[in-house]
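Trainee: Quick one: structure below, then a few questions.
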Amino acid sequence: MADTTTWTDDNLMSLQSHVLAGERAHPGATGDFSWILSAISLATKTIGNKVRRARIEDVLGELSAENTHGERQQKLDVIANDIIKSCLGSRANIGVLVSEEDEEPTVLRTRDEGGRYAVFFDPLDGSSNIDVSVGVGTIFGIVRLPADGKGGVDAILSPDAKIVAAGYVLYGSSTVFVLTTGNGVDMFELDHSIGSFVLVKHGLRIPETKKIYSINEAYTNSFGNGVSSYLQWAHNNGYSSRYIGSMVADVHRTLLKGGIFIYPSTSEQPSGKLRLLYEAMPMAMLVEQAGGRAITDTGRRILDIPPTKLHERTSVVLGSSAEVDHFERHQS
Ligand code: AFP
């Protein structure tokens, strides 16, 4: 398939102007997205700054507390969570915030009080890598809450709640913001000299095929037969392996270079490890909007899974459409 990606190296377009331009193209648009995305942009620039200064400020290392999943929190997990909540908290159109780091959602306002959206986020994905300067990131999904409900927690899990935008910010060798509002995928890079995310790729498309798989192969003995059979096939067919252990970084490479990212269910984690609402769904939306596929290891489209609880886990298989097809062929 032809690469329709447009590299934007002549016109300067900031994230904010890009979102405003998108809204102007839709008569009747409320400006909701620019309002929410400007808060996410501010929050992620602030988190990025903390990540870059991690050894200079005292923000590295573990806390004694565990998060809602029983995982040891890093200091930066908590700092990033606080930053996002303080940036999003004042946005009048957000009803609920759901964070990986908080057991309970933060209910800001009801639907009647103007809370039209919920924002789901993993403030600092891959944070156990932070002490060794590996790329980490923030993942988010924006969900429009049903118009007739009261808002709050029930609204988030309602079948009428619809994910309308998703993205991540990767704090890697450069800081990139990858975004979809349901109209393709765009990529912005933080220009530190002007403090703005600047559009660098419009209409990003994932390569249709690439012989790269990304999975934690150390868990081989606890994979199901379908996953093992796929890996055996990949070994016999000249595949390379790439695994960073930071979902944002692994998915980013997969989006740009192609291939497949797999976090399957294992005998220890029968439902998988990654979280549906603020890891799997946003990444699934991005990958699909870029022309790829995102399913569970039993072949269910991730965006079709109705969430039943806030911190639900799922298996994740996503990437180039031909590569996900190969994986699917080995599951029976
Ligand atoms: P941390 O945020 O605790 O580092 O976990 C990262 C993560 O949720 C995701 O980013 C990785 O893809 C996955 O865990 C790696 O898990 P394994 O270490 O089990 O491969």
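Ligands are numbered from 1 in the order shown, residues from 1 within each chain, and chains are lettered A, B, ... in the order they appear in the structure tokens.
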Where does DSSP see helix (DSSP H, G or I) in stretch 18-91 of chain A, if you list the residues as a count of residues only?

Mentor: 42

Trainee: Throw together the list of residues within 7 Å of ligand 1, counting only C-alpha atoms and all ligand atoms, and drop it here as a ChimeraX atom specification.

Mentor: /A:71,124-129,216,245-248,273-274

Trainee: What is the distance, in Å and to one decimal place, between atom CA of A:Gly135 and atom CA of A:Tyr219?

Mentor: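 Interatomic distance here is 22.3 Å.
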
Trainee: Pick from A:Phe33, A:Tyr117, A:Trp233, A:Phe140: nearest to A:Leu277, with only C-alpha atoms counted?

Mentor: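 Checking each of A:Phe33, A:Tyr117, A:Trp233, A:Phe140 against A:Leu277, counting only C-alpha atoms, the winner is A:Phe140.
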
Trainee: Taking only C-alpha atoms into account, produce a table as CSV in which each residue of stretch 72-110 of chain A with an atom at most 10 Å from an atom of stretch 37-60 of chain A appears once, together with its shortest atom pair and the distance in Å to one decimal, ordered by chain and rising number.

Mentor:
residue,atom,partner,partner_atom,distance
A:Gln74,CA,A:Leu60,CA,7.1
A:Lys75,CA,A:Val59,CA,5.7
A:Leu76,CA,A:Val59,CA,5.8
A:Asp77,CA,A:Val59,CA,9.5
A:Val78,CA,A:Val59,CA,9.8
A:Ile79,CA,A:Ile47,CA,8.0
A:Ala80,CA,A:Ile47,CA,5.7
A:Asn81,CA,A:Ile47,CA,9.2
A:Asp82,CA,A:Ala43,CA,9.4
A:Ile83,CA,A:Ala43,CA,5.9
A:Ile84,CA,A:Ala43,CA,5.3
A:Lys85,CA,A:Ala43,CA,8.6
A:Ser86,CA,A:Ala43,CA,8.3
A:Cys87,CA,A:Ala39,CA,5.4
A:Leu88,CA,A:Ala39,CA,5.6
A:Gly89,CA,A:Ala39,CA,9.0
A:Ser90,CA,A:Ala39,CA,9.0
A:Arg91,CA,A:Ala39,CA,7.8

Trainee: Check the smallest atom-to-atom distance from each of A:Ser133, A:Ser315, A:Ser265, A:Thr254 to A:Tyr171 using only C-alpha atoms, then report the winner.

Mentor: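 Under the stated criterion, the closest residue is A:Ser133.
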
Trainee: Need to verify the contact set: A:His330, 8 Å, only C-alpha atoms, exclusion of same-chain residues closer than 6 positions in sequence. Can you return it as a list in words?

Mentor: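 Once the nearby chain positions are removed, what remains is Gly226, Val227, Ser229 and Tyr230 of chain A.
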
Trainee: Could you please take those selected residues and save N, CA and C atoms as a PDB file, in the first residue's frame?

Mentor:
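Listing of again.pdb after writing:
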ATOM      1  N   GLY A 226      -1.112 -21.269  21.103  1.00  0.00           N
ATOM      2  CA  GLY A 226      -1.213 -20.428  19.899  1.00  0.00           C
ATOM      3  C   GLY A 226      -0.046 -19.456  19.816  1.00  0.00           C
ATOM      4  N   VAL A 227       0.299 -18.848  20.948  1.00  0.00           N
ATOM      5  CA  VAL A 227       1.406 -17.872  20.949  1.00  0.00           C
ATOM      6  C   VAL A 227       2.715 -18.598  20.649  1.00  0.00           C
ATOM      7  N   SER A 229       3.131 -21.370  19.028  1.00  0.00           N
ATOM      8  CA  SER A 229       3.154 -21.808  17.632  1.00  0.00           C
ATOM      9  C   SER A 229       3.476 -20.633  16.702  1.00  0.00           C
ATOM     10  N   TYR A 230       2.920 -19.444  17.015  1.00  0.00           N
ATOM     11  CA  TYR A 230       3.238 -18.248  16.208  1.00  0.00           C
ATOM     12  C   TYR A 230       4.739 -17.948  16.304  1.00  0.00           C
TER      13      TYR A 230
END

Trainee: Can you tell me, as a PyMOL selection string, what residues are no more than 12 Å from A:Glu268 when counting only C-alpha atoms, ignoring any on the same chain fewer than 6 positions away?

Mentor: chain A and resi 219-224

Trainee: Take the residues from that selection and put them in a file with all heavy atoms, as an mmCIF file, in the first residue's frame.

Mentor:
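Result written to again_25.cif:
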data_model
loop_
_atom_site.group_PDB
_atom_site.id
_atom_site.type_symbol
_atom_site.label_atom_id
_atom_site.label_comp_id
_atom_site.auth_asym_id
_atom_site.auth_seq_id
_atom_site.Cartn_x
_atom_site.Cartn_y
_atom_site.Cartn_z
ATOM 1 N N TYR A 219 8.901 -15.239 29.096
ATOM 2 C CA TYR A 219 7.709 -15.912 29.647
ATOM 3 C C TYR A 219 7.253 -17.090 28.776
ATOM 4 O O TYR A 219 6.140 -17.586 28.927
ATOM 5 C CB TYR A 219 6.538 -14.931 29.761
ATOM 6 C CG TYR A 219 6.814 -13.700 30.608
ATOM 7 C CD1 TYR A 219 6.238 -12.480 30.268
ATOM 8 C CD2 TYR A 219 7.622 -13.744 31.732
ATOM 9 C CE1 TYR A 219 6.472 -11.333 31.029
ATOM 10 C CE2 TYR A 219 7.868 -12.606 32.492
ATOM 11 C CZ TYR A 219 7.297 -11.410 32.143
ATOM 12 O OH TYR A 219 7.526 -10.281 32.881
ATOM 13 N N THR A 220 8.117 -17.530 27.842
ATOM 14 C CA THR A 220 7.729 -18.570 26.879
ATOM 15 C C THR A 220 7.011 -19.753 27.531
ATOM 16 O O THR A 220 6.008 -20.237 27.020
ATOM 17 C CB THR A 220 8.990 -19.082 26.139
ATOM 18 O OG1 THR A 220 9.520 -17.991 25.405
ATOM 19 C CG2 THR A 220 8.678 -20.218 25.203
ATOM 20 N N ASN A 221 7.517 -20.191 28.674
ATOM 21 C CA ASN A 221 6.930 -21.390 29.284
ATOM 22 C C ASN A 221 5.517 -21.164 29.793
ATOM 23 O O ASN A 221 4.806 -22.115 30.092
ATOM 24 C CB ASN A 221 7.794 -21.890 30.449
ATOM 25 C CG ASN A 221 9.117 -22.409 29.937
ATOM 26 O OD1 ASN A 221 9.257 -22.633 28.739
ATOM 27 N ND2 ASN A 221 10.083 -22.576 30.842
ATOM 28 N N SER A 222 5.109 -19.907 29.903
ATOM 29 C CA SER A 222 3.742 -19.680 30.390
ATOM 30 C C SER A 222 2.812 -19.170 29.290
ATOM 31 O O SER A 222 1.685 -18.780 29.567
ATOM 32 C CB SER A 222 3.760 -18.734 31.588
ATOM 33 O OG SER A 222 4.257 -17.493 31.206
ATOM 34 N N PHE A 223 3.280 -19.174 28.035
ATOM 35 C CA PHE A 223 2.390 -18.784 26.929
ATOM 36 C C PHE A 223 1.470 -19.943 26.547
ATOM 37 O O PHE A 223 1.822 -21.118 26.710
ATOM 38 C CB PHE A 223 3.203 -18.413 25.673
ATOM 39 C CG PHE A 223 4.023 -17.145 25.810
ATOM 40 C CD1 PHE A 223 5.156 -16.953 25.041
ATOM 41 C CD2 PHE A 223 3.648 -16.135 26.686
ATOM 42 C CE1 PHE A 223 5.915 -15.795 25.147
ATOM 43 C CE2 PHE A 223 4.399 -14.971 26.802
ATOM 44 C CZ PHE A 223 5.536 -14.806 26.029
ATOM 45 N N GLY A 224 0.337 -19.603 25.971
ATOM 46 C CA GLY A 224 -0.559 -20.622 25.430
ATOM 47 C C GLY A 224 0.018 -21.202 24.137
ATOM 48 O O GLY A 224 0.972 -20.659 23.567
#

Trainee: Counting only C-alpha atoms, which residue out of A:Pro264, A:Leu204, A:Asp154, A:Asn93 sits closest to A:Asp186?

Mentor: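 Closest candidate: A:Leu204.
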
Trainee: Let me make sure I understand: among A:Met281, A:Leu255, A:Met187, A:Gly238, which one has the smallest atom-to-atom distance to A:Lys162 if we use only C-alpha atoms?

Mentor: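 Answer, going by the shortest atom-to-atom distance: A:Met281.
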
Trainee: Among stretch 24-241 of chain A, which ones does DSSP place in strand (DSSP E), written as number ranges by chain?

Mentor: A: 62-66, 72-74, 94-99, 106-107, 117-125, 136-144, 162-171, 175-180, 185-191, 196-202, 212-214, 240-241

Trainee: Report the distance between atom CA of A:Glu328 and atom CA of A:Asp297 in Å, rounded to one decimal place.

Mentor: 7.8 Å

Trainee: Could you pull the residues within 8 Å of stretch 17-32 of chain A, counting only C-alpha atoms, minus those fewer than 4 positions along the same chain, as an mmCIF file with N, CA and C atoms, in the first residue's frame?

Mentor:
data_model
loop_
_atom_site.group_PDB
_atom_site.id
_atom_site.type_symbol
_atom_site.label_atom_id
_atom_site.label_comp_id
_atom_site.auth_asym_id
_atom_site.auth_seq_id
_atom_site.Cartn_x
_atom_site.Cartn_y
_atom_site.Cartn_z
ATOM 1 N N MET A 13 3.491 24.128 12.401
ATOM 2 C CA MET A 13 2.139 24.033 12.949
ATOM 3 C C MET A 13 2.240 23.458 14.354
ATOM 4 N N ILE A 36 -9.217 20.361 26.303
ATOM 5 C CA ILE A 36 -8.662 19.191 27.004
ATOM 6 C C ILE A 36 -7.217 18.938 26.558
ATOM 7 N N ASN A 93 -15.155 20.915 31.095
ATOM 8 C CA ASN A 93 -15.933 19.902 30.368
ATOM 9 C C ASN A 93 -15.540 18.476 30.743
ATOM 10 N N LEU A 199 4.042 19.947 14.671
ATOM 11 C CA LEU A 199 3.635 18.837 13.800
ATOM 12 C C LEU A 199 4.805 18.382 12.927
#

Trainee: Can you list, as an mmCIF file with C-alpha atoms, in the first residue's frame, every protein, DNA or RNA residue that comes within 7 Å of A:Tyr278 when you count only C-alpha atoms, leaving out same-chain residues fewer than 4 positions away?

Mentor:
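Ended up saving to part_18.cif:
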data_model
loop_
_atom_site.group_PDB
_atom_site.id
_atom_site.type_symbol
_atom_site.label_atom_id
_atom_site.label_comp_id
_atom_site.auth_asym_id
_atom_site.auth_seq_id
_atom_site.Cartn_x
_atom_site.Cartn_y
_atom_site.Cartn_z
ATOM 1 C CA PHE A 120 -8.290 7.850 31.161
ATOM 2 C CA PHE A 121 -4.541 7.896 31.585
ATOM 3 C CA ASP A 122 -1.441 6.022 32.560
ATOM 4 C CA ILE A 139 -0.908 7.283 27.544
ATOM 5 C CA PHE A 140 -4.400 8.788 27.452
ATOM 6 C CA GLY A 141 -7.872 8.207 26.056
ATOM 7 C CA PRO A 282 -5.910 4.221 23.419
#

Trainee: Which value, in Å to one decimal, gives the distance between atom CA of A:Leu303 and atom CA of A:Ala92?

Mentor: 27.1 Å

Trainee: Excluding A:Val164 and any residue of its chain fewer than 2 positions from it, enumerate the residues within 8 Å of it, using only C-alpha atoms, and give them as a list in words.

Mentor: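 Once the adjacent positions are removed, what remains is Gly141, Ile142, Val143, Arg144, Lys162, Ala166, Thr181 and Gly182 of chain A.
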
Trainee: Please produce an output containing N, CA, C and O atoms for each residue in the selection, written as an mmCIF file, in the first residue's frame.

Mentor:
data_model
loop_
_atom_site.group_PDB
_atom_site.id
_atom_site.type_symbol
_atom_site.label_atom_id
_atom_site.label_comp_id
_atom_site.auth_asym_id
_atom_site.auth_seq_id
_atom_site.Cartn_x
_atom_site.Cartn_y
_atom_site.Cartn_z
ATOM 1 N N GLY A 141 -6.704 8.362 26.920
ATOM 2 C CA GLY A 141 -7.872 8.207 26.056
ATOM 3 C C GLY A 141 -8.930 9.192 26.537
ATOM 4 O O GLY A 141 -9.067 9.419 27.744
ATOM 5 N N ILE A 142 -9.638 9.799 25.592
ATOM 6 C CA ILE A 142 -10.721 10.723 25.959
ATOM 7 C C ILE A 142 -12.037 10.075 25.534
ATOM 8 O O ILE A 142 -12.200 9.671 24.375
ATOM 9 N N VAL A 143 -12.937 9.970 26.488
ATOM 10 C CA VAL A 143 -14.197 9.253 26.262
ATOM 11 C C VAL A 143 -15.357 10.234 26.413
ATOM 12 O O VAL A 143 -15.414 10.991 27.393
ATOM 13 N N ARG A 144 -16.242 10.247 25.410
ATOM 14 C CA ARG A 144 -17.442 11.094 25.533
ATOM 15 C C ARG A 144 -18.477 10.329 26.341
ATOM 16 O O ARG A 144 -18.810 9.179 26.028
ATOM 17 N N LYS A 162 -18.073 6.520 24.601
ATOM 18 C CA LYS A 162 -17.363 6.255 23.346
ATOM 19 C C LYS A 162 -15.999 6.940 23.360
ATOM 20 O O LYS A 162 -15.901 8.134 23.646
ATOM 21 N N ALA A 166 -7.378 9.671 21.377
ATOM 22 C CA ALA A 166 -6.388 8.894 22.125
ATOM 23 C C ALA A 166 -5.003 9.356 21.727
ATOM 24 O O ALA A 166 -4.802 9.903 20.630
ATOM 25 N N THR A 181 -7.788 12.001 16.777
ATOM 26 C CA THR A 181 -9.125 12.414 17.214
ATOM 27 C C THR A 181 -10.158 11.709 16.320
ATOM 28 O O THR A 181 -11.268 12.193 16.137
ATOM 29 N N GLY A 182 -9.741 10.573 15.762
ATOM 30 C CA GLY A 182 -10.646 9.780 14.940
ATOM 31 C C GLY A 182 -10.557 10.104 13.460
ATOM 32 O O GLY A 182 -11.370 9.650 12.658
#
